[in-house]
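The file protein16.cif comes next; it holds mmCIF, C-alpha atoms.
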data_query
#
loop_
_atom_site.label_atom_id
_atom_site.label_comp_id
_atom_site.auth_asym_id
_atom_site.auth_seq_id
_atom_site.Cartn_x
_atom_site.Cartn_y
_atom_site.Cartn_z
CA MET W 684 43.78 -7.76 27.25
CA VAL W 685 43.32 -7.85 23.47
CA SER W 686 46.38 -7.17 21.33
CA LYS W 687 46.24 -4.63 18.53
CA PRO W 688 46.42 -7.13 15.59
CA GLU W 689 43.61 -9.23 17.17
CA ARG W 690 41.44 -6.11 17.48
CA THR W 691 42.19 -5.25 13.85
CA ASN W 692 41.33 -8.77 12.65
CA LYS W 693 38.02 -8.65 14.51
CA GLU W 694 37.32 -5.23 13.06
CA ILE W 695 37.77 -6.61 9.56
CA LEU W 696 35.09 -9.19 10.20
CA LEU W 697 32.78 -6.74 11.95
CA ARG W 698 33.05 -4.28 9.07
CA LEU W 699 32.31 -7.06 6.60
CA ILE W 700 29.26 -8.20 8.60
CA SER W 701 28.04 -4.61 8.80
CA LEU W 702 28.42 -4.13 5.03
CA CYS W 703 26.47 -7.35 4.33
CA ASP W 704 23.79 -6.21 6.75
CA VAL W 705 23.39 -2.86 4.95
CA VAL W 706 23.16 -4.60 1.57
CA GLU W 707 20.46 -6.92 2.89
CA ARG W 708 18.42 -4.32 4.73
CA LYS W 709 18.59 -1.35 2.41
CA GLY W 710 18.50 -3.23 -0.89
CA ILE W 711 21.62 -1.63 -2.34
CA ASN W 712 23.60 -3.29 -5.11
CA PRO W 713 24.91 -6.60 -3.65
CA PHE W 714 27.83 -6.53 -6.08
CA GLU W 715 29.28 -3.76 -3.90
CA VAL W 716 30.55 -6.64 -1.76
CA GLU W 717 33.66 -8.29 -3.19
CA VAL W 718 32.73 -11.80 -2.13
CA LYS W 719 35.87 -13.47 -3.46
CA GLU W 720 38.20 -11.09 -1.59
CA ALA W 721 36.08 -11.29 1.54
CA LEU W 722 36.23 -15.11 1.52
CA GLU W 723 40.01 -14.97 1.05
CA SER W 724 40.34 -12.63 4.06
CA ILE W 725 38.19 -14.93 6.19
CA ARG W 726 40.25 -17.94 5.11
CA GLN W 727 43.48 -16.20 6.13
CA LEU W 728 42.08 -15.13 9.50
CA LEU W 729 40.69 -18.57 10.36
CA SER W 730 44.04 -19.90 11.64
CA LYS W 731 44.34 -16.92 14.01
CA TRP W 732 41.13 -17.50 15.94
CA LYS W 733 41.40 -19.02 19.37
CA SER W 734 38.28 -18.20 21.39
CA PHE W 735 34.73 -19.43 20.88
CA GLU W 736 33.55 -15.84 20.32
CA GLU W 737 36.02 -15.41 17.44
CA PHE W 738 34.85 -18.61 15.75
CA CYS W 739 31.23 -17.47 16.09
CA LEU W 740 32.14 -14.17 14.45
CA ASP W 741 33.80 -16.09 11.63
CA ALA W 742 30.65 -18.22 11.14
CA GLU W 743 28.46 -15.10 11.18
CA ALA W 744 30.59 -13.51 8.46
CA ILE W 745 30.28 -16.63 6.26
CA ASN W 746 26.52 -16.70 6.85
CA ARG W 747 26.14 -13.05 5.84
CA LEU W 748 28.26 -13.53 2.74
CA SER W 749 26.11 -16.47 1.66
CA LYS W 750 23.05 -14.20 1.87
CA VAL W 751 24.83 -11.60 -0.24
CA VAL W 752 25.58 -14.25 -2.86
CA LYS W 753 21.88 -15.14 -2.96
CA LEU W 754 21.02 -11.45 -3.36
CA GLN W 755 23.51 -11.22 -6.23
CA GLU W 756 21.77 -14.14 -7.94
CA GLU W 757 18.37 -12.45 -7.52
CA TRP W 758 19.83 -9.17 -8.79
CA VAL W 759 21.09 -10.81 -12.01
CA GLN W 760 17.81 -12.67 -12.47
CA HIS W 761 15.83 -9.48 -12.16
CA LYS W 762 18.12 -7.54 -14.46
CA SER W 763 17.81 -10.20 -17.13
CA SER W 764 14.03 -10.30 -16.74
CA LEU W 765 11.68 -8.07 -18.70
CA LEU W 766 10.80 -6.10 -15.60
CA TYR W 767 14.13 -4.34 -15.33
CA SER W 768 14.15 -0.69 -16.32
CA ASP W 769 16.56 2.13 -15.73
CA PRO W 770 15.39 3.89 -12.55
CA GLU W 771 16.12 7.39 -13.84
CA MET W 772 14.23 6.78 -17.06
CA VAL W 773 11.24 5.44 -15.11
CA GLU W 774 11.26 8.48 -12.82
CA SER W 775 11.47 10.93 -15.71
CA LYS W 776 8.61 9.19 -17.54
CA ILE W 777 6.44 9.21 -14.42
CA ALA W 778 7.11 12.91 -13.88
CA LYS W 779 5.67 13.67 -17.32
CA LEU W 780 2.46 11.67 -16.81
CA ASN W 781 -0.55 13.17 -15.07
CA VAL W 782 -2.72 11.35 -12.53
CA GLU W 783 -5.40 10.36 -15.04
CA SER W 784 -2.87 8.92 -17.49
CA LEU W 785 -1.20 6.92 -14.74
CA ALA W 786 -4.54 5.53 -13.63
CA GLU W 787 -5.43 4.55 -17.21
CA ILE W 788 -2.06 2.84 -17.64
CA PHE W 789 -2.60 0.88 -14.46
CA LEU W 790 -6.08 -0.19 -15.56
CA LYS W 791 -4.64 -1.58 -18.81
CA ALA W 792 -2.35 -3.86 -16.81
CA TRP W 793 -4.80 -4.77 -14.04
CA HIS W 794 -6.90 -7.94 -13.88
CA PRO W 795 -8.42 -7.96 -10.41
CA ILE W 796 -9.26 -11.13 -8.54
CA VAL W 797 -12.92 -12.07 -8.59
CA GLY W 798 -14.41 -13.74 -5.57
CA LEU W 799 -17.42 -14.10 -3.35
CA GLU W 800 -17.54 -13.96 0.40
CA LYS W 801 -19.84 -16.00 2.56
CA LEU W 802 -20.35 -16.71 6.23
CA SER W 803 -19.57 -20.35 6.90
CA ALA W 804 -20.14 -22.55 9.92
CA GLU W 805 -16.39 -22.56 10.58
CA ARG W 806 -16.23 -18.77 10.69
CA LEU W 807 -19.22 -18.63 13.02
CA LYS W 808 -17.50 -21.14 15.26
CA GLU W 809 -14.32 -19.05 15.25
CA ALA W 810 -16.31 -15.93 16.09
CA LEU W 811 -18.04 -17.70 18.98
CA MET W 812 -14.73 -18.95 20.38
CA TYR W 813 -13.29 -15.45 20.09
CA TRP W 814 -16.28 -13.93 21.89
CA ASN W 815 -16.18 -16.53 24.63
CA SER W 816 -12.49 -15.85 25.23
CA PHE W 817 -13.34 -12.44 26.73
CA SER W 818 -13.68 -12.32 30.49
CA PRO W 819 -17.21 -11.50 31.71
CA LYS W 820 -16.01 -8.30 33.36
CA LYS W 821 -14.89 -6.80 30.07
CA PHE W 822 -18.46 -6.14 29.04
CA ASP W 823 -19.99 -5.70 32.48
CA LEU W 824 -22.55 -3.13 31.40
CA GLU W 825 -24.49 -3.32 34.64
CA GLU W 826 -21.68 -1.58 36.51
CA LEU W 827 -21.64 1.43 34.20
CA SER W 828 -23.64 4.38 35.42
CA PHE W 829 -24.85 6.72 32.77
CA ARG W 830 -24.40 10.27 33.89
CA SER W 831 -26.48 11.93 31.24
CA GLU W 832 -26.05 15.39 32.68
CA GLU W 833 -22.30 15.21 31.99
CA VAL W 834 -22.56 14.01 28.41
CA SER W 835 -21.37 16.83 26.17
CA GLY W 836 -22.56 17.33 22.63
CA PHE W 837 -19.18 17.62 20.90
CA THR W 838 -15.72 16.18 21.14
CA SER W 839 -12.94 18.72 21.09
CA LYS W 840 -9.54 18.24 19.55
CA GLU W 841 -8.00 18.18 23.05
CA GLU W 842 -10.22 15.28 24.07
CA LEU W 843 -9.23 13.36 20.96
CA LEU W 844 -5.58 14.03 21.77
CA ASN W 845 -6.03 12.88 25.38
CA LEU W 846 -7.68 9.69 24.17
CA LYS W 847 -4.79 9.22 21.78
CA ILE W 848 -7.27 8.92 18.92
CA LEU W 849 -5.60 11.89 17.31
CA VAL W 850 -1.86 12.43 17.42
CA LYS W 851 -0.97 16.10 17.58
CA GLU W 852 2.10 15.90 15.38
CA GLU W 853 0.24 13.96 12.66
CA PHE W 854 -2.66 16.42 12.63
CA ASN W 855 -0.32 19.44 12.47
CA ARG W 856 1.57 17.85 9.63
CA ILE W 857 -1.62 17.17 7.69
CA LEU W 858 -2.75 20.75 8.25
CA GLU W 859 0.60 22.21 7.14
CA ASP W 860 0.59 20.10 3.97
CA PHE W 861 -2.96 21.23 3.24
CA TRP W 862 -1.99 24.90 3.79
CA ASN W 863 1.01 24.46 1.43
CA GLU W 864 -1.35 23.07 -1.17
CA LEU W 865 -3.48 26.21 -0.81
CA LEU W 866 -0.42 28.43 -1.17
CA ARG W 867 0.55 26.60 -4.35
CA GLU W 868 -2.94 26.98 -5.79
CA THR W 869 -3.16 30.68 -4.99
CA LYS W 870 0.30 31.53 -6.32
CA GLY W 871 0.03 34.85 -8.12
CA ARG W 872 -3.48 35.42 -6.81
CA GLU W 873 -4.62 37.11 -3.65
CA LYS W 874 -7.53 34.80 -2.95
CA ILE W 875 -9.37 31.75 -4.16
CA SER W 876 -13.03 30.80 -4.18
CA TYR W 877 -13.80 28.60 -1.14
CA TRP W 878 -15.90 26.19 -3.20
CA ASN W 879 -13.26 25.86 -5.92
CA PHE W 880 -10.66 24.99 -3.33
CA VAL W 881 -12.61 22.46 -1.28
CA PHE W 882 -14.26 20.76 -4.26
CA ALA W 883 -13.08 17.18 -4.97
CA GLU W 884 -14.18 14.52 -7.42
CA ASN W 885 -15.24 12.35 -4.52
CA TYR W 886 -17.84 13.42 -1.91
CA GLU W 887 -15.85 12.05 1.04
CA GLU W 888 -12.78 14.04 0.07
CA PHE W 889 -14.97 17.14 -0.46
CA VAL W 890 -16.15 16.90 3.17
CA LEU W 891 -12.61 16.24 4.40
CA ARG W 892 -11.23 19.27 2.57
CA ALA W 893 -13.96 21.48 3.99
CA TYR W 894 -13.21 20.12 7.46
CA LEU W 895 -9.48 20.84 7.11
CA THR W 896 -10.21 24.31 5.71
CA SER W 897 -12.22 25.11 8.84
CA PHE W 898 -9.08 24.41 10.88
CA LEU W 899 -6.99 26.58 8.56
CA VAL W 900 -9.38 29.44 9.34
CA SER W 901 -9.59 28.76 13.08
CA TYR W 902 -5.81 28.51 13.51
CA GLY W 903 -5.08 31.66 11.57
CA TYR W 904 -3.52 30.11 8.45
CA VAL W 905 -6.05 31.90 6.22
CA ASP W 906 -8.63 34.67 6.28
CA ILE W 907 -12.15 34.42 4.97
CA GLU W 908 -13.86 37.04 2.84
CA THR W 909 -17.54 36.90 2.08
CA ASN W 910 -19.76 38.64 -0.43
CA PRO W 911 -23.24 38.08 0.99
CA LEU W 912 -25.04 39.66 -1.96
CA GLU W 913 -23.46 37.26 -4.43
CA GLU W 914 -23.28 34.48 -1.79
CA GLU W 915 -19.57 34.12 -2.46
CA ILE W 916 -16.89 33.01 -0.02
CA PHE W 917 -13.18 33.49 -0.61
CA ILE W 918 -10.12 32.12 1.14
CA VAL W 919 -7.22 34.52 1.54
CA PRO W 920 -4.06 32.69 2.58
CA ARG W 921 -1.60 34.23 4.98
CA SER W 922 2.11 33.87 4.33
CA LYS W 923 2.50 33.09 8.06
CA PRO W 924 -0.17 31.77 10.40
CA LYS W 925 -1.50 34.25 12.95
CA LYS W 926 -2.41 32.89 16.38
CA PRO W 927 -6.17 33.13 17.03
CA GLU W 928 -5.73 34.98 20.36
CA LEU W 929 -3.87 37.74 18.50
CA GLN W 930 -6.74 38.32 16.11
CA LYS W 931 -8.72 41.41 16.95
CA ARG W 932 -12.17 39.97 16.68
CA SER W 933 -13.56 36.59 15.78
CA THR W 934 -16.88 35.59 14.36
CA SER W 935 -18.36 32.31 13.29
CA LEU W 936 -19.23 31.55 9.71
CA VAL W 937 -21.59 28.69 9.03
CA VAL W 938 -21.05 27.00 5.68
CA PRO W 939 -23.73 24.47 4.81
CA LEU W 940 -22.21 21.34 3.36
CA ASN W 941 -24.28 18.57 1.87
CA TYR W 942 -24.38 16.04 -0.92
CA SER W 943 -26.70 18.03 -3.15
CA ARG W 944 -24.35 21.02 -3.04
CA TRP W 945 -21.46 18.75 -4.07
CA VAL W 946 -23.51 17.39 -6.97
CA ARG W 947 -24.34 20.96 -8.10
CA LEU W 948 -20.66 21.93 -7.95
CA LYS W 949 -19.70 18.83 -9.90
CA GLU W 950 -22.24 19.67 -12.62
CA GLN W 951 -20.90 23.23 -12.80
CA LYS W 952 -17.36 21.89 -13.18
CA GLN W 953 -18.45 19.59 -15.99
CA VAL W 954 -20.09 22.49 -17.82
CA GLU W 955 -16.91 24.55 -17.41
CA MET L 512 -24.96 -36.92 -21.18
CA SER L 513 -22.55 -39.80 -20.66
CA GLU L 514 -21.38 -40.70 -17.19
CA GLU L 515 -17.90 -39.39 -17.82
CA LYS L 516 -19.19 -36.05 -19.03
CA ALA L 517 -21.53 -35.79 -16.07
CA LEU L 518 -18.61 -36.50 -13.73
CA TYR L 519 -16.51 -33.79 -15.34
CA ALA L 520 -19.44 -31.36 -15.19
CA ARG L 521 -19.82 -32.00 -11.43
CA LYS L 522 -16.10 -31.52 -10.88
CA VAL L 523 -16.02 -28.28 -12.88
CA LYS L 524 -18.86 -26.92 -10.74
CA LYS L 525 -17.03 -27.99 -7.60
CA ALA L 526 -13.84 -26.30 -8.81
CA ALA L 527 -15.83 -23.12 -9.51
CA ARG L 528 -17.24 -23.14 -5.99
CA MET L 529 -13.79 -23.65 -4.50
CA LEU L 530 -12.25 -20.85 -6.52
CA PHE L 531 -15.05 -18.31 -6.14
CA PHE L 532 -15.86 -18.73 -2.48
CA ARG L 533 -13.16 -17.44 -0.16
CA ARG L 534 -11.87 -19.94 2.37
CA HIS L 535 -8.59 -18.44 3.56
CA ARG L 536 -7.50 -15.04 4.77
CA LYS L 537 -6.76 -14.20 1.16
CA PRO L 538 -8.72 -15.27 -1.90
CA GLY L 539 -7.73 -18.19 -4.09
CA VAL L 540 -7.09 -21.85 -3.52
CA LYS L 541 -3.86 -23.82 -3.25
CA GLY L 542 -3.07 -26.44 -5.86
CA TRP L 543 -2.93 -29.29 -3.33
CA GLU L 544 -6.44 -28.39 -2.13
CA LEU L 545 -7.75 -28.65 -5.68
CA LYS L 546 -5.90 -31.94 -6.15
CA LYS L 547 -7.38 -33.31 -2.93
CA SER L 548 -10.95 -32.35 -3.89
CA LEU L 549 -10.88 -32.96 -7.65
CA GLY L 550 -8.39 -35.80 -7.97
CA LYS L 551 -5.09 -36.16 -9.81
CA GLY L 552 -6.58 -34.84 -13.04
CA TYR L 553 -7.39 -31.52 -11.37
CA LEU L 554 -5.48 -29.54 -13.97
CA LYS L 555 -7.75 -30.85 -16.72
CA ILE L 556 -10.76 -29.74 -14.67
CA ILE L 557 -9.18 -26.33 -14.18
CA ASN L 558 -8.57 -26.01 -17.93
CA LEU L 559 -12.22 -26.89 -18.63
CA LEU L 560 -13.40 -24.32 -16.11
CA ASP L 561 -10.99 -21.75 -17.57
CA ALA L 562 -12.52 -22.27 -21.03
CA GLU L 563 -16.02 -21.68 -19.62
CA LEU L 564 -14.95 -18.63 -17.63
CA LYS L 565 -13.35 -17.03 -20.68
CA LYS L 566 -16.84 -16.80 -22.23
CA ILE L 567 -17.82 -14.34 -19.50
CA GLY L 568 -14.62 -12.33 -19.38
CA LEU L 569 -12.91 -14.22 -16.56
CA LYS L 570 -9.94 -16.57 -16.39
CA ILE L 571 -7.95 -18.68 -13.96
CA LYS L 572 -4.59 -17.35 -12.89
CA ILE L 573 -1.93 -19.56 -11.32
CA VAL L 574 0.85 -17.94 -9.30
CA SER L 575 3.60 -19.94 -7.61
CA GLU L 576 4.98 -19.12 -4.16
CA ASP L 577 7.89 -17.37 -5.90
CA GLY L 578 5.57 -15.29 -8.04
CA LEU L 579 6.18 -17.31 -11.21
CA GLU L 580 3.38 -18.06 -13.62
CA ASP L 581 4.78 -20.10 -16.49
CA LYS L 582 6.26 -23.61 -16.82
CA LEU L 583 5.57 -24.66 -13.28
CA SER L 584 6.55 -28.14 -12.20
CA GLU L 585 4.05 -30.51 -10.60
CA ASP L 586 5.45 -29.72 -7.18
CA GLN L 587 5.28 -25.97 -7.82
CA LEU L 588 1.70 -26.30 -9.04
CA GLU L 589 0.61 -28.05 -5.85
CA LYS L 590 2.01 -25.21 -3.78
CA ALA L 591 0.82 -22.47 -6.14
CA TRP L 592 -2.24 -20.26 -5.66
CA PHE L 593 -5.14 -20.49 -8.11
CA PHE L 594 -7.30 -17.39 -8.57
CA VAL L 595 -10.16 -16.27 -10.75
CA THR L 596 -9.38 -12.90 -12.31
CA THR L 597 -10.88 -10.79 -15.05
CA SER L 598 -9.50 -11.59 -18.49
CA GLU L 599 -10.35 -8.15 -19.80
CA THR L 600 -9.23 -4.87 -18.33
CA LEU L 601 -11.50 -2.47 -16.52
CA THR L 602 -12.53 0.98 -17.62
CA VAL L 603 -12.17 4.04 -15.41
CA SER L 604 -15.89 4.03 -14.67
CA ASP L 605 -15.75 0.32 -13.70
CA ALA L 606 -12.92 1.02 -11.27
CA VAL L 607 -14.66 4.05 -9.77
CA ALA L 608 -17.92 2.09 -9.43
CA SER L 609 -16.09 -0.59 -7.45
CA GLY L 610 -14.82 2.01 -5.00
CA TRP L 611 -11.42 2.91 -6.40
CA ARG L 612 -10.30 6.53 -6.68
CA ILE L 613 -8.36 7.65 -9.75
CA ASP L 614 -5.56 9.15 -7.72
CA ASP L 615 -5.24 5.99 -5.62
CA LEU L 616 -4.80 3.93 -8.78
CA ALA L 617 -2.14 6.39 -9.92
CA VAL L 618 -0.32 6.15 -6.56
CA LEU L 619 -0.31 2.36 -6.82
CA ALA L 620 0.95 2.47 -10.42
CA VAL L 621 3.80 4.80 -9.50
CA THR L 622 4.72 2.76 -6.43
CA LEU L 623 4.89 -0.49 -8.40
CA ALA L 624 6.88 1.14 -11.20
CA TYR L 625 9.33 2.56 -8.66
CA LEU L 626 9.76 -0.82 -6.95
CA ASN L 627 10.19 -2.67 -10.24
CA SER L 628 12.90 -0.26 -11.35
CA ARG L 629 14.71 -1.05 -8.10
CA HIS L 630 14.67 -4.83 -8.29
CA GLY L 631 11.33 -5.21 -6.65
CA LYS L 632 12.09 -3.51 -3.33
CA ALA L 633 12.93 -0.16 -1.83
CA SER L 634 12.81 1.48 1.58
CA ARG L 635 9.44 2.94 2.48
CA ASN L 636 11.09 6.30 3.11
CA ASP L 637 12.42 6.46 -0.44
CA VAL L 638 9.09 5.43 -1.91
CA GLU L 639 7.18 8.06 0.10
CA LYS L 640 9.70 10.73 -0.83
CA PHE L 641 9.24 9.91 -4.52
CA LEU L 642 5.46 9.85 -4.27
CA LYS L 643 5.39 13.23 -2.51
CA GLU L 644 6.80 14.85 -5.64
CA LYS L 645 3.59 14.02 -7.43
CA PHE L 646 0.75 13.49 -4.96
CA PRO L 647 -0.66 15.28 -1.89
CA HIS L 648 1.55 14.45 1.07
CA TRP L 649 -1.22 13.77 3.51
CA LYS L 650 -2.56 10.82 1.53
CA ILE L 651 0.64 8.96 0.82
CA SER L 652 1.27 7.20 4.10
CA TYR L 653 -2.40 6.28 4.35
CA ASN L 654 -2.40 4.85 0.81
CA ILE L 655 0.74 2.79 1.35
CA ASP L 656 -0.68 1.32 4.56
CA ARG L 657 -3.85 0.47 2.68
CA PHE L 658 -2.00 -1.21 -0.18
CA VAL L 659 0.05 -3.24 2.30
CA LYS L 660 -3.14 -4.34 4.03
CA MET L 661 -4.76 -5.29 0.71
CA GLY L 662 -1.69 -7.25 -0.39
CA TYR L 663 -0.52 -5.11 -3.30
CA LEU L 664 2.61 -4.28 -1.31
CA ALA L 665 4.48 -6.09 1.44
CA GLN L 666 6.52 -4.43 4.15
CA ASP L 667 9.17 -6.18 6.22
CA GLU L 668 10.46 -5.37 9.70
CA ASN L 669 13.12 -3.04 8.23
CA GLU L 670 10.41 -0.90 6.57
CA VAL L 671 11.44 -2.10 3.13
CA LEU L 672 8.55 -2.35 0.66
CA HIS L 673 8.25 -5.26 -1.76
CA VAL L 674 5.78 -6.15 -4.47
CA GLY L 675 2.96 -8.00 -2.71
CA TRP L 676 1.11 -11.24 -3.48
CA ARG L 677 -1.93 -9.47 -4.91
CA THR L 678 0.17 -7.51 -7.38
CA LYS L 679 1.69 -10.77 -8.63
CA ALA L 680 -1.82 -12.19 -9.05
CA GLU L 681 -3.59 -9.18 -10.53
CA VAL L 682 -1.08 -6.88 -12.23
CA ASP L 683 0.70 -7.62 -15.49
CA GLN L 684 3.84 -5.85 -14.37
CA LYS L 685 5.59 -6.21 -17.72
CA THR L 686 2.72 -4.41 -19.46
CA LEU L 687 2.67 -1.77 -16.73
CA MET L 688 6.37 -0.99 -17.19
CA GLU L 689 6.11 -1.01 -20.99
CA LEU L 690 3.18 1.41 -20.94
CA ILE L 691 4.94 3.76 -18.55
CA LEU L 692 8.13 3.76 -20.61
CA THR L 693 6.51 4.28 -24.01
#

Could I get this structure in the form of structure tokens?
Amino acid sequence: MVSKPERTNKEILLRLISLCDVVERKGINPFEVEVKEALESIRQLLSKWKSFEEFCLDAEAINRLSKVVKLQEEWVQHKSSLLYSDPEMVESKIAKLNVESLAEIFLKAWHPIVGLEKLSAERLKEALMYWNSFSPKKFDLEELSFRSEEVSGFTSKEELLNLKILVKEEFNRILEDFWNELLRETKGREKISYWNFVFAENYEEFVLRAYLTSFLVSYGYVDIETNPLEEEIFIVPRSKPKKPELQKRSTSLVVPLNYSRWVRLKEQKQVE
Amino acid sequence: MSEEKALYARKVKKAARMLFFRRHRKPGVKGWELKKSLGKGYLKIINLLDAELKKIGLKIKIVSEDGLEDKLSEDQLEKAWFFVTTSETLTVSDAVASGWRIDDLAVLAVTLAYLNSRHGKASRNDVEKFLKEKFPHWKISYNIDRFVKMGYLAQDENEVLHVGWRTKAEVDQKTLMELILT
């Protein structure tokens, strides 16, 4: 049975170890730990320990404090270096800068490494050893039977989820963020031109945005309006998504997407 | 050309091959490797090569294991990494032509500025939260993973982000902070 003072003494050490652990893991100010007082407490408790476990706890506390002292040294070194800046000032400056300005600032401070890659005999040897480490059965193609009549043309989202290639929560989160971006862009307006919304400076992102927009439509986050005479397409966001099965009627809208269209849009943007 | 000059010329070419051609998982060469191949006077060879590289807008960068660059001892130099980097800065079109996106550069700049203002490290959660105030949410996690993989950032087992080895080699962090704060 442990007496109350013994439990309290152990608690002092455990609390100290926990505090040192938080300082180390979360990177908070290491001067939050009063090292001098902590060492004095440990010194006073040393004579009270009797069991092996208690001595181990004592050693652990000293070890953690020594790490905190090292962190304090690094903290002072960093603060006295030219890299130190007030965090709030940095945040407020960053908030005022746009993406282009931030990129230009980075480029002024960036000197990338220059190098060449080549295939060497050593790398080939490594690759061969790696390949040979596979068991023959892993790539036993003769046993596979190709059932061409069962091969489907498209992979559905459910199949991707079953294969764990796509994680449902991640995809939903991406879609929600994308929908919120649309809501921000259409604030004060009823609708937005489809091409204006999906356009991006980079062709890959342009395709990705169009792909995500198709899911916004299919899952009822937005409506689509078309003006066939003018060949215009508009996105009308809903304030709340409407489940597809509740929609009265559904039709398919084919939107051709290719590189030349992206180039035309980019040229139009430059003229604007 | 005298024999001595010819010897130096051969060694400078050898040093160039060692520095340009990648031999490890990350680019660059360790000081002891250069010393082993070029001899005790390897630093003189490196200085000669540096002078030649400067003519074409390149330079040799030396970064110790602790991320220090100046006044390195002999022991520190042997353990340090030697890289070839550009001596001049790139333009936006240069960066885009080499596959970088403008917004990705901005994300990296903000991440490094945030870490530097917090003594070089911060929890990944805090960094992502800060980045989400400025950039599309769906890209942030992907970008941070990419920068960790490339070496600009490092992440430990407690999901705390640090400035990575590539940032220490490529980014003049003092200039970055000064430009952001002015």

Evaluate the PyMOL selection byres ((chain L) within 8 of (chain W)) and report residues as a PyMOL selection string: chain L and resi 530-533+538+594-603+612-614+616-617+620-621+624-625+627-630+632-634+645+647-649+669+671+680-688+690-692

Expected file contents, prior selection, C-alpha atoms, as a PDB file, keeping the file's coordinate frame:
ATOM      1  CA  LEU L 530     -12.250 -20.850  -6.520  1.00  0.00           C
ATOM      2  CA  PHE L 531     -15.050 -18.310  -6.140  1.00  0.00           C
ATOM      3  CA  PHE L 532     -15.860 -18.730  -2.480  1.00  0.00           C
ATOM      4  CA  ARG L 533     -13.160 -17.440  -0.160  1.00  0.00           C
ATOM      5  CA  PRO L 538      -8.720 -15.270  -1.900  1.00  0.00           C
ATOM      6  CA  PHE L 594      -7.300 -17.390  -8.570  1.00  0.00           C
ATOM      7  CA  VAL L 595     -10.160 -16.270 -10.750  1.00  0.00           C
ATOM      8  CA  THR L 596      -9.380 -12.900 -12.310  1.00  0.00           C
ATOM      9  CA  THR L 597     -10.880 -10.790 -15.050  1.00  0.00           C
ATOM     10  CA  SER L 598      -9.500 -11.590 -18.490  1.00  0.00           C
ATOM     11  CA  GLU L 599     -10.350  -8.150 -19.800  1.00  0.00           C
ATOM     12  CA  THR L 600      -9.230  -4.870 -18.330  1.00  0.00           C
ATOM     13  CA  LEU L 601     -11.500  -2.470 -16.520  1.00  0.00           C
ATOM     14  CA  THR L 602     -12.530   0.980 -17.620  1.00  0.00           C
ATOM     15  CA  VAL L 603     -12.170   4.040 -15.410  1.00  0.00           C
ATOM     16  CA  ARG L 612     -10.300   6.530  -6.680  1.00  0.00           C
ATOM     17  CA  ILE L 613      -8.360   7.650  -9.750  1.00  0.00           C
ATOM     18  CA  ASP L 614      -5.560   9.150  -7.720  1.00  0.00           C
ATOM     19  CA  LEU L 616      -4.800   3.930  -8.780  1.00  0.00           C
ATOM     20  CA  ALA L 617      -2.140   6.390  -9.920  1.00  0.00           C
ATOM     21  CA  ALA L 620       0.950   2.470 -10.420  1.00  0.00           C
ATOM     22  CA  VAL L 621       3.800   4.800  -9.500  1.00  0.00           C
ATOM     23  CA  ALA L 624       6.880   1.140 -11.200  1.00  0.00           C
ATOM     24  CA  TYR L 625       9.330   2.560  -8.660  1.00  0.00           C
ATOM     25  CA  ASN L 627      10.190  -2.670 -10.240  1.00  0.00           C
ATOM     26  CA  SER L 628      12.900  -0.260 -11.350  1.00  0.00           C
ATOM     27  CA  ARG L 629      14.710  -1.050  -8.100  1.00  0.00           C
ATOM     28  CA  HIS L 630      14.670  -4.830  -8.290  1.00  0.00           C
ATOM     29  CA  LYS L 632      12.090  -3.510  -3.330  1.00  0.00           C
ATOM     30  CA  ALA L 633      12.930  -0.160  -1.830  1.00  0.00           C
ATOM     31  CA  SER L 634      12.810   1.480   1.580  1.00  0.00           C
ATOM     32  CA  LYS L 645       3.590  14.020  -7.430  1.00  0.00           C
ATOM     33  CA  PRO L 647      -0.660  15.280  -1.890  1.00  0.00           C
ATOM     34  CA  HIS L 648       1.550  14.450   1.070  1.00  0.00           C
ATOM     35  CA  TRP L 649      -1.220  13.770   3.510  1.00  0.00           C
ATOM     36  CA  ASN L 669      13.120  -3.040   8.230  1.00  0.00           C
ATOM     37  CA  VAL L 671      11.440  -2.100   3.130  1.00  0.00           C
ATOM     38  CA  ALA L 680      -1.820 -12.190  -9.050  1.00  0.00           C
ATOM     39  CA  GLU L 681      -3.590  -9.180 -10.530  1.00  0.00           C
ATOM     40  CA  VAL L 682      -1.080  -6.880 -12.230  1.00  0.00           C
ATOM     41  CA  ASP L 683       0.700  -7.620 -15.490  1.00  0.00           C
ATOM     42  CA  GLN L 684       3.840  -5.850 -14.370  1.00  0.00           C
ATOM     43  CA  LYS L 685       5.590  -6.210 -17.720  1.00  0.00           C
ATOM     44  CA  THR L 686       2.720  -4.410 -19.460  1.00  0.00           C
ATOM     45  CA  LEU L 687       2.670  -1.770 -16.730  1.00  0.00           C
ATOM     46  CA  MET L 688       6.370  -0.990 -17.190  1.00  0.00           C
ATOM     47  CA  LEU L 690       3.180   1.410 -20.940  1.00  0.00           C
ATOM     48  CA  ILE L 691       4.940   3.760 -18.550  1.00  0.00           C
ATOM     49  CA  LEU L 692       8.130   3.760 -20.610  1.00  0.00           C
TER      50      LEU L 692
END

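One finds atom CA of Phe898 of chain W at 20.9 Å from atom CA of Arg944 of chain W.
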
Separation of atom CA of Ala526 of chain L from atom CA of Glu589 of chain L in Å: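 It comes out at 14.9 Å.
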
Atom CA of Arg698 of chain W to atom CA of Arg635 of chain L, distance in Å rounded to a single decimal: 25.6 Å

Counting all atoms listed in the file, the residue of W:Gln951, W:Asn879, W:Asn692, W:Ser901 that sits nearest Glu737 of chain W: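 Selected residue with least distance to Glu737 of chain W: W:Asn692.
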
Residue IDs satisfying the PyMOL selection byres ((chain W and resi 865) around 12), as number ranges by chain: W: 858-864, 866-877, 879-881, 892, 895-896, 899, 904-905, 918-922; L: 647
